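Shown next: model.txt, given as compact mmCIF, C-alpha atoms.
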# COMPACT_ATOMS: atom_id res chain seq x y z
CA MET A 23 -47.45 76.71 139.19
CA THR A 24 -44.45 77.64 137.02
CA GLY A 25 -42.46 80.84 137.33
CA ALA A 26 -43.84 81.96 133.98
CA GLU A 27 -47.38 81.51 135.27
CA ARG A 28 -46.54 83.48 138.40
CA ILE A 29 -45.10 86.31 136.30
CA VAL A 30 -48.20 86.44 134.12
CA GLY A 31 -50.34 86.27 137.25
CA GLY A 32 -48.49 89.33 138.49
CA LEU A 33 -49.13 91.16 135.22
CA GLU A 34 -52.81 90.29 135.42
CA SER A 35 -53.16 91.36 139.03
CA ALA A 36 -51.50 94.67 138.14
CA GLY A 37 -54.13 95.24 135.45
CA VAL A 38 -51.85 94.85 132.45
CA THR A 39 -53.97 94.65 129.31
CA LEU A 40 -51.33 94.48 126.57
CA ALA A 41 -47.87 92.91 126.30
CA ALA A 42 -45.71 93.96 123.34
CA SER A 43 -42.78 91.71 122.64
CA VAL A 44 -39.84 90.66 120.55
CA PRO A 45 -38.95 87.13 121.66
CA ASP A 46 -35.72 85.43 122.56
CA THR A 47 -35.65 81.88 123.89
CA TRP A 48 -36.69 82.90 127.39
CA ILE A 49 -39.10 85.70 126.51
CA GLY A 50 -40.65 83.44 123.89
CA LYS A 51 -41.47 80.91 126.60
CA LEU A 52 -42.93 83.65 128.76
CA MET A 53 -45.02 84.94 125.86
CA THR A 54 -46.49 81.47 125.39
CA THR A 55 -47.93 81.84 128.86
CA VAL A 56 -49.00 85.43 128.16
CA ARG A 57 -50.96 84.21 125.14
CA ALA A 58 -52.94 81.88 127.38
CA SER A 59 -54.12 84.85 129.45
CA LYS A 60 -57.65 86.06 128.84
CA ALA A 61 -56.80 89.49 130.25
CA ILE A 62 -53.65 90.37 128.31
CA ARG A 63 -53.40 90.96 124.59
CA ALA A 64 -50.10 89.78 123.14
CA VAL A 65 -48.71 92.06 120.42
CA ASP A 66 -45.81 90.78 118.34
CA VAL A 67 -43.56 93.53 117.01
CA ALA A 68 -40.47 93.52 114.84
CA ARG A 69 -38.16 95.74 116.88
CA GLU A 70 -38.02 96.56 120.56
CA GLU A 71 -38.50 100.32 120.10
CA GLU A 72 -41.88 99.49 118.61
CA ALA A 73 -42.77 97.50 121.71
CA VAL A 74 -42.08 100.56 123.84
CA ALA A 75 -44.27 102.78 121.67
CA VAL A 76 -47.09 100.21 121.52
CA ALA A 77 -47.07 99.86 125.31
CA CYS A 78 -47.01 103.64 125.73
CA GLY A 79 -49.91 103.97 123.30
CA ALA A 80 -51.92 101.51 125.37
CA ASN A 81 -51.14 103.48 128.51
CA LEU A 82 -52.16 106.77 126.90
CA ALA A 83 -55.44 105.21 125.75
CA GLY A 84 -56.52 103.99 129.18
CA GLY A 85 -55.07 100.49 128.99
CA ARG A 86 -51.95 99.22 130.70
CA GLY A 87 -49.06 98.14 128.51
CA ALA A 88 -45.92 96.15 129.23
CA VAL A 89 -42.78 95.43 127.20
CA LEU A 90 -41.24 91.95 127.14
CA VAL A 91 -37.85 91.84 125.41
CA GLN A 92 -34.28 90.59 125.69
CA ASN A 93 -31.53 92.79 127.11
CA ALA A 94 -30.14 93.27 123.59
CA GLY A 95 -33.49 94.82 122.75
CA LEU A 96 -33.46 97.03 125.81
CA LEU A 97 -30.06 98.29 124.69
CA ASN A 98 -31.72 99.32 121.41
CA CYS A 99 -34.21 101.48 123.24
CA GLY A 100 -32.12 104.36 124.58
CA GLY A 101 -33.54 106.87 122.13
CA ILE A 102 -37.20 106.10 122.64
CA LEU A 103 -36.80 105.86 126.39
CA ALA A 104 -35.42 109.39 126.42
CA GLY A 105 -37.56 110.88 123.65
CA LEU A 106 -40.91 109.29 124.47
CA VAL A 107 -41.10 107.60 127.88
CA GLU A 108 -39.07 110.14 129.85
CA LEU A 109 -39.94 113.24 127.82
CA TYR A 110 -43.70 112.68 127.98
CA ARG A 111 -43.64 110.94 131.37
CA ILE A 112 -45.48 107.79 130.32
CA PRO A 113 -45.48 104.68 132.54
CA CYS A 114 -43.62 101.84 130.83
CA PHE A 115 -42.97 98.51 132.56
CA PHE A 116 -40.37 96.16 131.11
CA ILE A 117 -39.67 92.50 131.68
CA VAL A 118 -36.20 91.91 130.26
CA SER A 119 -34.36 88.63 129.93
CA LEU A 120 -30.91 89.15 131.42
CA ARG A 121 -28.83 87.18 128.97
CA GLY A 122 -25.15 86.69 129.60
CA ASP A 123 -24.97 86.66 133.38
CA ALA A 124 -23.49 83.76 135.36
CA ARG A 125 -26.73 81.77 135.06
CA ASP A 126 -26.83 81.88 131.26
CA PRO A 127 -25.25 78.80 129.64
CA ILE A 128 -24.89 80.43 126.21
CA TYR A 129 -21.42 81.97 125.83
CA TYR A 130 -22.22 84.52 123.15
CA HIS A 131 -24.62 86.44 125.37
CA ALA A 132 -21.84 87.34 127.81
CA PRO A 133 -21.00 90.80 126.34
CA LYS A 134 -24.63 91.90 126.79
CA GLY A 135 -24.66 90.54 130.33
CA ARG A 136 -21.60 92.60 131.20
CA VAL A 137 -23.16 95.91 130.18
CA THR A 138 -26.85 95.53 131.03
CA GLU A 139 -26.92 96.70 134.63
CA THR A 140 -24.28 99.36 134.07
CA THR A 141 -26.38 100.69 131.18
CA LEU A 142 -29.52 100.70 133.31
CA VAL A 143 -27.64 102.73 135.91
CA ALA A 144 -26.19 105.09 133.29
CA TRP A 145 -29.63 105.63 131.78
CA ARG A 146 -31.04 106.10 135.29
CA LEU A 147 -33.66 103.41 134.76
CA PRO A 148 -35.18 102.02 137.95
CA TYR A 149 -34.79 98.25 137.92
CA ALA A 150 -34.83 95.07 139.99
CA LEU A 151 -33.59 91.53 139.60
CA LEU A 152 -36.39 89.01 140.03
CA ASP A 153 -35.91 86.94 143.18
CA ARG A 154 -37.27 83.52 142.28
CA ALA A 155 -37.29 82.46 145.93
CA GLY A 156 -39.65 85.30 146.78
CA ASP A 157 -43.17 86.29 145.77
CA ILE A 158 -42.75 86.41 141.98
CA ALA A 159 -46.20 87.73 141.18
CA GLY A 160 -45.85 90.38 143.86
CA GLN A 161 -42.53 91.57 142.44
CA VAL A 162 -44.09 91.92 138.99
CA LYS A 163 -47.08 93.79 140.36
CA ARG A 164 -44.86 96.16 142.33
CA GLY A 165 -42.82 96.86 139.20
CA VAL A 166 -45.91 97.77 137.21
CA GLU A 167 -47.14 99.97 140.04
CA SER A 168 -43.75 101.64 140.34
CA ALA A 169 -43.88 102.62 136.66
CA ILE A 170 -47.38 104.00 137.07
CA GLU A 171 -46.57 105.96 140.21
CA SER A 172 -43.37 107.44 138.79
CA ARG A 173 -44.91 107.99 135.33
CA GLY A 174 -41.76 106.50 133.86
CA PRO A 175 -39.94 103.25 133.16
CA PHE A 176 -39.32 100.30 135.43
CA VAL A 177 -37.30 97.26 134.38
CA LEU A 178 -37.59 93.81 135.93
CA LEU A 179 -34.69 91.57 134.92
CA ILE A 180 -35.39 87.85 134.72
CA SER A 181 -33.40 84.73 133.98
CA GLY A 182 -34.44 81.57 132.18
CA GLU A 183 -34.50 79.61 135.41
CA ASP A 184 -37.12 82.02 136.78
CA LEU A 185 -39.63 80.65 134.27
CA ALA A 186 -39.51 77.04 135.44
CA MET K 970 -47.51 118.92 93.46
CA THR K 971 -49.37 120.50 96.39
CA SER K 972 -47.61 121.80 99.48
CA ARG K 973 -48.20 120.52 103.00
CA LYS K 974 -50.59 123.02 104.52
CA PRO K 975 -53.57 122.52 102.15
CA PHE K 976 -53.39 118.78 102.89
CA LEU K 977 -53.24 119.45 106.62
CA ASP K 978 -56.23 121.81 106.36
CA ALA K 979 -58.14 119.13 104.44
CA LEU K 980 -57.27 116.53 107.07
CA VAL K 981 -58.45 118.67 109.98
CA ALA K 982 -61.69 119.41 108.11
CA ALA K 983 -62.26 115.70 107.51
CA LEU K 984 -61.79 114.54 111.11
CA ALA K 985 -64.71 112.77 112.79
CA ALA K 986 -65.68 112.95 116.44
CA ASP K 987 -64.24 109.55 117.33
CA ASP K 988 -60.88 110.19 115.66
CA VAL K 989 -57.57 110.50 117.47
CA VAL K 990 -54.46 111.98 115.84
CA VAL K 991 -50.88 110.93 116.56
CA SER K 992 -48.24 112.96 114.77
CA CYS K 993 -44.59 112.20 114.23
CA LEU K 994 -42.12 114.95 114.96
CA GLY K 995 -41.69 117.77 112.48
CA ALA K 996 -43.85 120.16 110.53
CA ASN K 997 -47.24 118.56 111.19
CA ALA K 998 -46.58 118.38 114.93
CA ARG K 999 -45.58 122.04 114.84
CA TRP K 1000 -48.59 123.16 112.79
CA LEU K 1001 -51.34 121.28 114.68
CA PRO K 1002 -51.35 123.41 117.87
CA HIS K 1003 -52.01 126.44 115.67
CA MET K 1004 -55.09 124.88 114.09
CA SER K 1005 -58.57 124.20 115.44
CA VAL K 1006 -58.35 120.44 115.69
CA PRO K 1007 -61.60 118.98 117.08
CA VAL K 1008 -60.12 115.68 118.35
CA PRO K 1009 -57.36 114.62 120.77
CA VAL K 1010 -53.85 115.06 119.37
CA PHE K 1011 -50.65 113.46 120.61
CA ALA K 1012 -47.79 115.23 118.88
CA LEU K 1013 -44.22 114.01 119.12
CA CYS K 1014 -41.24 116.32 119.11
CA ASP K 1015 -38.67 113.51 119.17
CA SER K 1016 -38.59 109.73 118.67
CA MET K 1017 -38.60 109.32 114.92
CA SER K 1018 -40.66 106.33 113.77
CA ALA K 1019 -42.64 106.06 117.01
CA ALA K 1020 -45.92 107.49 115.68
CA VAL K 1021 -47.25 104.32 114.03
CA PRO K 1022 -46.57 101.91 116.93
CA LEU K 1023 -47.82 104.51 119.40
CA ALA K 1024 -51.03 104.74 117.39
CA LEU K 1025 -51.19 100.95 117.28
CA GLY K 1026 -51.12 100.68 121.06
CA MET K 1027 -53.97 103.20 121.24
CA ALA K 1028 -56.00 101.52 118.52
CA LEU K 1029 -55.72 98.08 120.14
CA SER K 1030 -56.78 99.56 123.47
CA ARG K 1031 -59.71 101.63 122.21
CA ALA K 1032 -61.78 99.89 119.56
CA ASP K 1033 -64.30 102.72 119.78
CA ARG K 1034 -61.82 105.28 118.41
CA HIS K 1035 -60.21 105.61 114.98
CA VAL K 1036 -56.55 106.46 115.33
CA ILE K 1037 -54.82 108.40 112.56
CA ALA K 1038 -51.03 108.30 112.57
CA LEU K 1039 -49.25 111.07 110.67
CA GLU K 1040 -45.87 109.77 109.58
CA GLY K 1041 -43.12 111.24 107.42
CA ASP K 1042 -41.14 109.43 104.76
CA GLY K 1043 -37.83 110.02 106.53
CA SER K 1044 -39.27 108.79 109.79
CA LEU K 1045 -40.75 105.68 108.20
CA LEU K 1046 -37.51 104.97 106.38
CA MET K 1047 -35.81 104.68 109.75
CA SER K 1048 -38.11 101.81 110.80
CA PRO K 1049 -40.16 100.46 107.90
CA ASN K 1050 -40.71 97.35 110.01
CA VAL K 1051 -43.60 99.17 111.67
CA LEU K 1052 -45.67 98.43 108.56
CA ALA K 1053 -45.23 94.69 109.02
CA THR K 1054 -46.08 94.96 112.69
CA LEU K 1055 -49.20 96.93 111.79
CA ALA K 1056 -50.22 94.40 109.16
CA ALA K 1057 -49.78 91.56 111.65
CA ALA K 1058 -51.88 93.25 114.32
CA ARG K 1059 -54.62 94.09 111.77
CA PRO K 1060 -56.47 96.85 113.59
CA SER K 1061 -59.37 98.14 111.49
CA ASN K 1062 -59.41 101.39 113.44
CA LEU K 1063 -56.00 102.72 112.39
CA THR K 1064 -55.04 104.75 109.35
CA VAL K 1065 -51.50 105.85 108.56
CA ILE K 1066 -51.12 109.03 106.55
CA LEU K 1067 -47.64 109.08 105.06
CA TRP K 1068 -46.33 112.50 104.02
CA VAL K 1069 -43.76 112.07 101.29
CA ASN K 1070 -41.51 114.96 100.35
CA GLY K 1071 -38.11 113.29 100.20
CA HIS K 1072 -36.59 115.50 102.87
CA TYR K 1073 -35.86 115.63 106.57
CA GLU K 1074 -37.76 118.87 106.82
CA SER K 1075 -37.52 119.40 110.57
CA SER K 1076 -33.75 119.05 110.71
CA GLY K 1077 -32.92 121.56 108.02
CA GLY K 1078 -34.27 120.11 104.81
CA GLN K 1079 -31.61 117.50 104.12
CA ALA K 1080 -32.53 115.06 101.39
CA LEU K 1081 -33.38 111.47 102.27
CA PRO K 1082 -31.01 108.80 100.95
CA SER K 1083 -31.57 108.94 97.22
CA ALA K 1084 -33.02 105.44 96.81
CA PRO K 1085 -36.29 105.67 94.89
CA VAL K 1086 -38.46 104.03 97.53
CA ASP K 1087 -41.87 102.97 96.24
CA TRP K 1088 -43.93 103.65 99.36
CA VAL K 1089 -47.10 102.07 98.00
CA ALA K 1090 -45.27 98.89 97.09
CA LEU K 1091 -43.47 98.86 100.42
CA ALA K 1092 -46.73 99.11 102.35
CA ARG K 1093 -48.41 96.45 100.24
CA ALA K 1094 -45.40 94.14 100.45
CA SER K 1095 -45.52 94.53 104.22
CA GLY K 1096 -49.06 93.22 104.23
CA ILE K 1097 -51.19 96.36 104.33
CA GLY K 1098 -54.28 95.60 102.27
CA ARG K 1099 -55.56 99.11 101.65
CA VAL K 1100 -52.96 101.52 100.29
CA THR K 1101 -54.11 104.65 98.47
CA VAL K 1102 -52.25 107.55 96.91
CA VAL K 1103 -53.91 110.87 97.66
CA ASP K 1104 -52.45 113.42 95.28
CA GLU K 1105 -54.66 116.42 95.93
CA PRO K 1106 -56.27 117.78 99.13
CA GLY K 1107 -59.82 117.36 97.87
CA ALA K 1108 -59.29 113.61 97.64
CA LEU K 1109 -58.27 113.24 101.27
CA ALA K 1110 -61.73 113.22 102.89
CA PRO K 1111 -63.13 110.43 100.69
CA ALA K 1112 -59.91 108.45 101.06
CA LEU K 1113 -60.12 108.77 104.84
CA ALA K 1114 -63.79 107.77 104.80
CA ALA K 1115 -62.92 104.67 102.80
CA ALA K 1116 -60.06 103.88 105.18
CA ARG K 1117 -62.44 104.05 108.13
CA GLY K 1118 -64.56 101.35 106.54
CA ALA K 1119 -61.66 99.09 105.62
CA GLU K 1120 -61.02 95.64 107.01
CA GLY K 1121 -57.63 96.04 108.64
CA PRO K 1122 -55.35 99.07 108.68
CA ALA K 1123 -55.02 101.51 105.79
CA VAL K 1124 -52.15 103.61 104.51
CA LEU K 1125 -52.74 106.85 102.61
CA VAL K 1126 -49.67 108.10 100.74
CA LEU K 1127 -49.54 111.87 100.25
CA PRO K 1128 -46.89 113.15 97.84
CA ILE K 1129 -46.29 116.76 98.87
CA ALA K 1130 -44.02 119.47 97.57
CA PHE K 1131 -40.91 120.21 99.59
CA ASP K 1132 -40.82 123.94 100.17
CA PRO K 1133 -37.67 125.10 101.97
CA ALA K 1134 -39.25 128.55 102.29
CA GLU K 1135 -42.34 127.29 104.15
CA GLU K 1136 -42.67 129.17 107.42
CA ILE K 1137 -43.42 126.41 109.90
CA PRO K 1138 -44.24 127.56 113.42
CA PRO K 1139 -41.87 126.41 116.16
CA TYR K 1140 -42.91 123.79 118.70
CA SER K 1141 -45.31 125.71 120.90
CA GLU K 1142 -46.37 123.09 123.43
CA ARG K 1143 -44.23 121.30 125.97
CA PRO K 1144 -44.42 117.50 126.05
CA GLU K 1145 -45.93 117.56 129.54
CA GLU K 1146 -48.68 119.87 128.30
CA ILE K 1147 -49.40 117.55 125.39
CA ARG K 1148 -49.43 114.56 127.72
CA ALA K 1149 -51.67 116.26 130.28
CA ARG K 1150 -54.21 117.42 127.71
CA PHE K 1151 -54.41 114.11 125.88
CA ARG K 1152 -57.53 112.32 127.10
CA LEU K 1153 -59.53 109.62 125.32

Would you kindly transcribe this structure into structure tokens?
Amino acid sequence: MTGAERIVGGLESAGVTLAASVPDTWIGKLMTTVRASKAIRAVDVAREEEAVAVACGANLAGGRGAVLVQNAGLLNCGGILAGLVELYRIPCFFIVSLRGDARDPIYYHAPKGRVTETTLVAWRLPYALLDRAGDIAGQVKRGVESAIESRGPFVLLISGEDLA
Amino acid sequence: MTSRKPFLDALVAALAADDVVVSCLGANARWLPHMSVPVPVFALCDSMSAAVPLALGMALSRADRHVIALEGDGSLLMSPNVLATLAAARPSNLTVILWVNGHYESSGGQALPSAPVDWVALARASGIGRVTVVDEPGALAPALAAARGAEGPAVLVLPIAFDPAEEIPPYSERPEEIRARFRL
């Protein structure tokens, strides 16, 4: 079983019904696996703030939404995280590709990699780095449950190698 | 050109039991708590341009409800991409009502950038099949009824008069109250 399949298995076991996404190379691969799921509806959006609102709408309507975006997209989402997710206390689980860290071979992602975790801390967003040697599906499920329990955001950072 | 409140009165009168209303920030969100609205309302007080995708997430999750997103022209201008996203998702149970007055009413009445945006053309060019201009309150109920029967999402464009003297009530509900009361 690939890492992508384990991640989607974790989303399914957590009861996620909808995944809103703007792809990058890694998230696009993950979304290919999401689209094969019978339990999760894939929703393609044009900007990452939309993905947050779509996932929140699903959560408000009795479903369970998740957001799958690149870290550049997460950096776009400061306003809606404050003005929707935090203000109205809506669960919102993110899977975010951590571009630009030491594992990323593409040089131009490096500036985003340098600021992602510091931004998460500054925005006071609970987050975790996926441990590919551990129980991947379990980490995903715990992230979803953390968002639900806290009625707020939770971000799980992944790397391309986690999908293999 | 008609002012906002008669259109809002006509909308509330035209709501059906399975409707859900999502309002962008601003005058509509401030008026709705002061009206007898017979359906669930989720009113934003921040997050410009979030109303349409928020409604989309609800519509895709609850096929048994018709979700009506109230959006302003200034708010939509910030993220017109939401129209393309909506067209791609093609929910038949979502109607956008776009209130067009050319001003950022909730932030002091500043004018929008002066580009003459053709909202009908923009919605159609984004892939929305049913786009209707509703230019008087009496036409809103039949337009909404037609939108409910449409294949795919609909956009109703409401040109309204900008009235800087309109006495809009302040926000009277806290977000946590809105969130707690919102049940589908």

What is the distance, in Å and to one decimal place, between CA of Glu70 (chain A) and CA of Gly156 (chain A)?
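One can read the CA of Glu70 (chain A) to CA of Gly156 (chain A) distance as 28.6 Å.
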
Would you give me, as CSV, each residue of chain K having an atom within 6 Å of an atom of chain A, along with its shortest atom pair and that distance in Å to one decimal, using only C-alpha atoms and sorting by chain and residue number?
residue,atom,partner,partner_atom,distance
K:Asp1015,CA,A:Gly105,CA,5.3
K:Ser1016,CA,A:Gly105,CA,5.2
K:Ala1019,CA,A:Ala75,CA,5.9
K:Pro1022,CA,A:Val76,CA,4.9
K:Leu1023,CA,A:Gly79,CA,4.5
K:Leu1025,CA,A:Val76,CA,5.9
K:Gly1026,CA,A:Val76,CA,4.1
K:Met1027,CA,A:Gly79,CA,4.6
K:Ser1030,CA,A:Ala80,CA,5.6
K:Thr1054,CA,A:Val67,CA,5.2
K:Pro1144,CA,A:Tyr110,CA,5.2
K:Glu1145,CA,A:Tyr110,CA,5.6

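Compared by their closest atoms to Asn1050 (chain K), and using all atoms listed in the file, the residues K:Pro1128, K:Pro1133, K:Gly1096, K:Gly995 rank with K:Gly1096 nearest.
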
Using Å and a single decimal, report how far CA of Leu33 (chain A) sits from CA of Ser1048 (chain K).
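About the pair CA of Ser1048 (chain K) and CA of Leu33 (chain A): they are 28.8 Å apart.
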
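Near Ser1076 (chain K), within 12 Å and counting all atoms listed in the file, sit Leu994, Gly995, Ala996, Cys1014, Asp1015, Met1017, Gly1043, Ser1044, His1072, Tyr1073, Glu1074, Gly1078, Gln1079, Ala1080, Leu1081 and Pro1133 of chain K; same-chain residues fewer than 2 positions away were not included.
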
Let me see the file: selected residues, C-alpha atoms, as an mmCIF file, in the coordinates of the input.
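Heads up, here's the output in selection_1.cif:
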data_model
loop_
_atom_site.group_PDB
_atom_site.id
_atom_site.type_symbol
_atom_site.label_atom_id
_atom_site.label_comp_id
_atom_site.auth_asym_id
_atom_site.auth_seq_id
_atom_site.Cartn_x
_atom_site.Cartn_y
_atom_site.Cartn_z
ATOM 1 C CA LEU K 994 -42.120 114.950 114.960
ATOM 2 C CA GLY K 995 -41.690 117.770 112.480
ATOM 3 C CA ALA K 996 -43.850 120.160 110.530
ATOM 4 C CA CYS K 1014 -41.240 116.320 119.110
ATOM 5 C CA ASP K 1015 -38.670 113.510 119.170
ATOM 6 C CA MET K 1017 -38.600 109.320 114.920
ATOM 7 C CA GLY K 1043 -37.830 110.020 106.530
ATOM 8 C CA SER K 1044 -39.270 108.790 109.790
ATOM 9 C CA HIS K 1072 -36.590 115.500 102.870
ATOM 10 C CA TYR K 1073 -35.860 115.630 106.570
ATOM 11 C CA GLU K 1074 -37.760 118.870 106.820
ATOM 12 C CA GLY K 1078 -34.270 120.110 104.810
ATOM 13 C CA GLN K 1079 -31.610 117.500 104.120
ATOM 14 C CA ALA K 1080 -32.530 115.060 101.390
ATOM 15 C CA LEU K 1081 -33.380 111.470 102.270
ATOM 16 C CA PRO K 1133 -37.670 125.100 101.970
#

Polymer residues at most 7 Å from (-51.0, 114.7, 121.1) by only C-alpha atoms, as a PyMOL selection string:
chain K and resi 990-991+1009-1012+1147-1148+1151

May I have the residues from that selection written out with C-alpha atoms, as a PDB file, in the frame of the given file?
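Generated output (again.pdb):
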ATOM      1  CA  VAL K 990     -54.460 111.980 115.840  1.00  0.00           C
ATOM      2  CA  VAL K 991     -50.880 110.930 116.560  1.00  0.00           C
ATOM      3  CA  PRO K1009     -57.360 114.620 120.770  1.00  0.00           C
ATOM      4  CA  VAL K1010     -53.850 115.060 119.370  1.00  0.00           C
ATOM      5  CA  PHE K1011     -50.650 113.460 120.610  1.00  0.00           C
ATOM      6  CA  ALA K1012     -47.790 115.230 118.880  1.00  0.00           C
ATOM      7  CA  ILE K1147     -49.400 117.550 125.390  1.00  0.00           C
ATOM      8  CA  ARG K1148     -49.430 114.560 127.720  1.00  0.00           C
ATOM      9  CA  PHE K1151     -54.410 114.110 125.880  1.00  0.00           C
TER      10      PHE K1151
END

Between CA of Gly1121 (chain K) and CA of Ile1066 (chain K), distance in Å (one decimal)
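Taking CA of Gly1121 (chain K) as the start and CA of Ile1066 (chain K) as the end point, the length is 14.7 Å.
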
Would you pick out the contacts of Ile29 (chain A) at 8 Å or less, using only C-alpha atoms, so that residues sharing its chain but fewer than 3 positions from it are not included, and give the list as a ChimeraX atom specification?
/A:25-26,32-33,158-159,162

Contacts of Ile1137 (chain K) at 9 Å (all atoms listed in the file; same-chain gap of 2+ positions) as an mmCIF file with C-alpha atoms, in the coordinates of the input:
data_model
loop_
_atom_site.group_PDB
_atom_site.id
_atom_site.type_symbol
_atom_site.label_atom_id
_atom_site.label_comp_id
_atom_site.auth_asym_id
_atom_site.auth_seq_id
_atom_site.Cartn_x
_atom_site.Cartn_y
_atom_site.Cartn_z
ATOM 1 C CA ALA K 996 -43.850 120.160 110.530
ATOM 2 C CA ASN K 997 -47.240 118.560 111.190
ATOM 3 C CA ARG K 999 -45.580 122.040 114.840
ATOM 4 C CA TRP K 1000 -48.590 123.160 112.790
ATOM 5 C CA ALA K 1134 -39.250 128.550 102.290
ATOM 6 C CA GLU K 1135 -42.340 127.290 104.150
ATOM 7 C CA PRO K 1139 -41.870 126.410 116.160
#

Residues near region 164-169 of chain A, cut-off 7 Å, all atoms listed in the file, skip fewer than 6 positions along chain, as a short mmCIF file (atom, residue, chain, number, x, y, z; two decimals) with C-alpha atoms, keeping the file's coordinate frame:
data_model
loop_
_atom_site.label_atom_id
_atom_site.label_comp_id
_atom_site.auth_asym_id
_atom_site.auth_seq_id
_atom_site.Cartn_x
_atom_site.Cartn_y
_atom_site.Cartn_z
CA ALA A 36 -51.50 94.67 138.14
CA PRO A 113 -45.48 104.68 132.54
CA CYS A 114 -43.62 101.84 130.83
CA PHE A 115 -42.97 98.51 132.56
CA PRO A 175 -39.94 103.25 133.16
CA PHE A 176 -39.32 100.30 135.43
CA LEU A 178 -37.59 93.81 135.93
#

My list of candidates is A:Leu185, A:Leu90, A:Met23, A:Arg57. Which is closest to Phe116 (chain A) when distances are computed with all atoms listed in the file?
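With all atoms listed in the file as the atom set, the closest residue is A:Leu90.
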
Find the residues around Ser59 (chain A) up to 9 Å (all atoms listed in the file counted), leave out those fewer than 3 positions away in its own chain, and share them as a PyMOL selection string.
chain A and resi 30-31+34+55-56+62-64

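Closest approach to Phe976 (chain K) among K:Glu1105, K:Asp1132, K:Asp1042, K:Glu1142: K:Glu1105, based on only C-alpha atoms.
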
Missing atoms in region 82-98 of chain A should be modelled up to N, CA and C atoms and reported as a short mmCIF file (atom, residue, chain, number, x, y, z; two decimals), in the frame of the given file.
data_model
loop_
_atom_site.label_atom_id
_atom_site.label_comp_id
_atom_site.auth_asym_id
_atom_site.auth_seq_id
_atom_site.Cartn_x
_atom_site.Cartn_y
_atom_site.Cartn_z
N LEU A 82 -51.54 105.46 127.19
CA LEU A 82 -52.16 106.77 126.90
C LEU A 82 -53.65 106.61 126.60
N ALA A 83 -54.05 105.43 126.16
CA ALA A 83 -55.44 105.21 125.75
C ALA A 83 -56.27 104.57 126.86
N GLY A 84 -55.74 104.51 128.07
CA GLY A 84 -56.52 103.99 129.18
C GLY A 84 -56.28 102.53 129.49
N GLY A 85 -55.44 101.86 128.68
CA GLY A 85 -55.07 100.49 128.99
C GLY A 85 -53.81 100.48 129.85
N ARG A 86 -53.19 99.32 129.93
CA ARG A 86 -51.95 99.22 130.70
C ARG A 86 -51.02 98.30 129.92
N GLY A 87 -49.96 98.89 129.37
CA GLY A 87 -49.06 98.14 128.51
C GLY A 87 -47.80 97.70 129.22
N ALA A 88 -47.21 96.62 128.73
CA ALA A 88 -45.92 96.15 129.23
C ALA A 88 -45.06 95.74 128.04
N VAL A 89 -43.75 95.77 128.25
CA VAL A 89 -42.78 95.43 127.20
C VAL A 89 -41.99 94.21 127.64
N LEU A 90 -41.95 93.19 126.81
CA LEU A 90 -41.24 91.95 127.14
C LEU A 90 -40.19 91.71 126.06
N VAL A 91 -38.93 91.92 126.40
CA VAL A 91 -37.85 91.84 125.41
C VAL A 91 -36.58 91.30 126.05
N GLN A 92 -35.61 90.99 125.21
CA GLN A 92 -34.28 90.59 125.69
C GLN A 92 -33.46 91.83 126.04
N ASN A 93 -32.36 91.63 126.79
CA ASN A 93 -31.53 92.79 127.11
C ASN A 93 -30.90 93.43 125.87
N ALA A 94 -30.63 92.65 124.84
CA ALA A 94 -30.14 93.27 123.59
C ALA A 94 -31.16 94.27 123.07
N GLY A 95 -32.44 93.92 123.20
CA GLY A 95 -33.49 94.82 122.75
C GLY A 95 -33.61 96.05 123.62
N LEU A 96 -33.45 95.86 124.92
CA LEU A 96 -33.46 97.03 125.81
C LEU A 96 -32.35 97.99 125.42
N LEU A 97 -31.18 97.43 125.08
CA LEU A 97 -30.06 98.29 124.69
C LEU A 97 -30.37 99.08 123.41
N ASN A 98 -31.30 98.57 122.60
CA ASN A 98 -31.72 99.32 121.41
C ASN A 98 -32.58 100.52 121.73
#
